[in-house]
Amino acid sequence: MRKILLAATAALALGAGIQAASAAPTIVGTPSNATAGQIATDFSDAGILSGTWTLLSPISFFASNVTGGGTLDLRSSTYNDSFGWAPDGTDSPLHTIFGNASIAGATAAIAPGVNFDFYFHTDGSGCSILALGCDPAGTVFSDGSKAAGTTTQVDMAIYQDTQGDFAFLFDDGGPAGNTLRWDPVTCQWTWVPKDDNDYNDLFVTFVPTPTTKNVPEPVTLSLFGAGLAGIFASRRKRKSA
């Protein structure tokens, strides 16, 4: 009997493990230089195992629809890259939120109070040693613009889920073309892309501050009602007189 119970427990644990392993978010849309499987893996590696996330066009964030801020979580950071915000339009100055010393799990709250863009800055750490001509640094903004001198391979992908939260995925890039890389398994040099086109170099989620409206408090409403009642009673008294 004990063996049967142990077997049943093991089967349940195995089933739960399979179910947990199969948990994955639904991804709608993929950057042109990436695959759906790669993006899904990037989400899973960042600990996002549920929800429907849709790829957005470049976007600026306005004080009117996010009340000027929200909470950010650094889900993954592969290289010494940084993430922050800058005023929309001028994209200057840059306000760093997660610097190159930040590690996954860091959180921050922001309240710019102005229209703003998020930005991603890479110091070139993701470039292969043999990727000749690799841009040593580059900055891309959430509105789709890039700082002067930034290689075209530095990319940002913006997703939004059905709850209104955002996810920012970054590829720190490299120049176009291929380069030779030593494969220690086969002991051979192989041609590989200088830009790996993955979006796991930095992964940040953003939960905007909920928009609130000025709703009269119960005490205010009761006083207002009492005032109206007084005016109405006064008018009736004058008419009866």
# chains A, B, ... in the order shown; residues from 1 in each chain; ligands from 1
call {"tool": "residues_around", "arguments": {"residues": "segment 69-84 of chain A", "least_positions_apart": "4", "cutoff": "7 Å", "atoms": "only C-alpha atoms", "output": "NGL selection string"}}
result
:A and (46 or 94-100 or 103-112 or 118-123 or 125-126 or 201-209)
call {"tool": "write_last_selection", "arguments": {"atoms": "C-alpha atoms", "output": "compact mmCIF listing (two decimals), in the first residue's frame"}}
result
# COMPACT_ATOMS: atom_id res chain seq x y z
CA ALA A 46 12.75 36.71 -17.08
CA LEU A 94 19.40 61.01 -19.38
CA HIS A 95 18.11 59.85 -15.99
CA THR A 96 19.58 56.42 -15.19
CA ILE A 97 17.25 53.98 -13.41
CA PHE A 98 19.29 50.78 -13.67
CA GLY A 99 23.02 51.29 -14.19
CA ASN A 100 25.72 48.87 -15.25
CA ILE A 103 21.56 43.14 -10.98
CA ALA A 104 18.39 41.23 -11.79
CA GLY A 105 15.78 41.70 -9.10
CA ALA A 106 16.38 45.42 -8.64
CA THR A 107 13.28 47.63 -8.52
CA ALA A 108 12.68 51.36 -8.81
CA ALA A 109 9.82 53.85 -8.80
CA ILE A 110 9.80 56.93 -11.02
CA ALA A 111 7.63 60.04 -11.30
CA PRO A 112 9.08 62.23 -14.08
CA PHE A 118 12.61 55.23 -21.81
CA TYR A 119 16.10 54.59 -23.13
CA PHE A 120 18.57 51.72 -23.35
CA HIS A 121 22.32 52.35 -23.46
CA THR A 122 24.91 49.74 -24.32
CA ASP A 123 28.63 50.00 -23.73
CA SER A 125 30.02 44.49 -24.04
CA GLY A 126 27.79 42.27 -26.15
CA ASP A 201 20.61 41.61 -22.87
CA LEU A 202 18.35 43.71 -20.64
CA PHE A 203 14.73 42.96 -19.70
CA VAL A 204 12.64 45.49 -17.75
CA THR A 205 8.94 45.51 -16.84
CA PHE A 206 7.01 48.70 -16.13
CA VAL A 207 3.74 48.98 -14.19
CA PRO A 208 2.29 52.50 -14.68
CA THR A 209 0.84 54.29 -11.70
call {"tool": "residues_around", "arguments": {"residues": "segment 40-43 of chain A", "least_positions_apart": "6", "cutoff": "8 Å", "atoms": "only C-alpha atoms", "output": "number ranges by chain"}}
result
A: 24-27, 49, 199-200
call {"tool": "write_last_selection", "arguments": {"atoms": "C-alpha atoms", "output": "mmCIF file, in the first residue's frame"}}
result
data_model
loop_
_atom_site.group_PDB
_atom_site.id
_atom_site.type_symbol
_atom_site.label_atom_id
_atom_site.label_comp_id
_atom_site.auth_asym_id
_atom_site.auth_seq_id
_atom_site.Cartn_x
_atom_site.Cartn_y
_atom_site.Cartn_z
ATOM 1 C CA ALA A 24 4.545 30.102 -20.938
ATOM 2 C CA PRO A 25 3.191 33.517 -21.903
ATOM 3 C CA THR A 26 1.373 34.118 -25.189
ATOM 4 C CA ILE A 27 3.468 36.332 -27.462
ATOM 5 C CA LEU A 49 5.214 32.632 -17.380
ATOM 6 C CA TYR A 199 16.547 40.339 -26.794
ATOM 7 C CA ASN A 200 17.751 39.157 -23.385
#
call {"tool": "select_by_dssp", "arguments": {"residues": "segment 56-166 of chain A", "states": "helix (DSSP H, G or I)", "output": "ChimeraX atom specification"}}
result
/A:63-66
call {"tool": "write_last_selection", "arguments": {"atoms": "N, CA and C atoms", "output": "mmCIF file, in the first residue's frame"}}
result
data_model
loop_
_atom_site.group_PDB
_atom_site.id
_atom_site.type_symbol
_atom_site.label_atom_id
_atom_site.label_comp_id
_atom_site.auth_asym_id
_atom_site.auth_seq_id
_atom_site.Cartn_x
_atom_site.Cartn_y
_atom_site.Cartn_z
ATOM 1 N N ALA A 63 2.476 62.091 -19.315
ATOM 2 C CA ALA A 63 2.037 62.275 -17.934
ATOM 3 C C ALA A 63 0.529 62.097 -17.812
ATOM 4 N N SER A 64 -0.195 62.348 -18.911
ATOM 5 C CA SER A 64 -1.655 62.269 -18.857
ATOM 6 C C SER A 64 -2.176 60.846 -18.756
ATOM 7 N N ASN A 65 -1.438 59.864 -19.309
ATOM 8 C CA ASN A 65 -1.980 58.505 -19.277
ATOM 9 C C ASN A 65 -1.233 57.546 -18.354
ATOM 10 N N VAL A 66 -0.121 57.950 -17.787
ATOM 11 C CA VAL A 66 0.539 57.103 -16.786
ATOM 12 C C VAL A 66 0.805 57.909 -15.509
#
call {"tool": "closest_residue", "arguments": {"among": "A:Phe116, A:Phe166, A:Trp189, A:Trp182", "to": "Gly89 of chain A", "atoms": "only C-alpha atoms"}}
result
A:Phe116
call {"tool": "closest_residue", "arguments": {"among": "A:Pro58, A:Gly149, A:Pro87, A:Gly51", "to": "Phe168 of chain A", "atoms": "only C-alpha atoms"}}
result
A:Pro58
call {"tool": "atom_distance", "arguments": {"atom1": "atom CA of Val28 of chain A", "atom2": "atom CA of Leu56 of chain A"}}
result
9.6 Å
call {"tool": "closest_residue", "arguments": {"among": "A:Asp45, A:Asp165, A:Asp143, A:Asp117", "to": "Ile59 of chain A", "atoms": "only C-alpha atoms"}}
result
A:Asp143
call {"tool": "atom_distance", "arguments": {"atom1": "atom CA of Pro210 of chain A", "atom2": "atom CA of Asp171 of chain A"}}
result
29.4 Å
call {"tool": "atom_distance", "arguments": {"atom1": "atom CA of Thr52 of chain A", "atom2": "atom CA of Asp88 of chain A"}}
result
28.0 Å
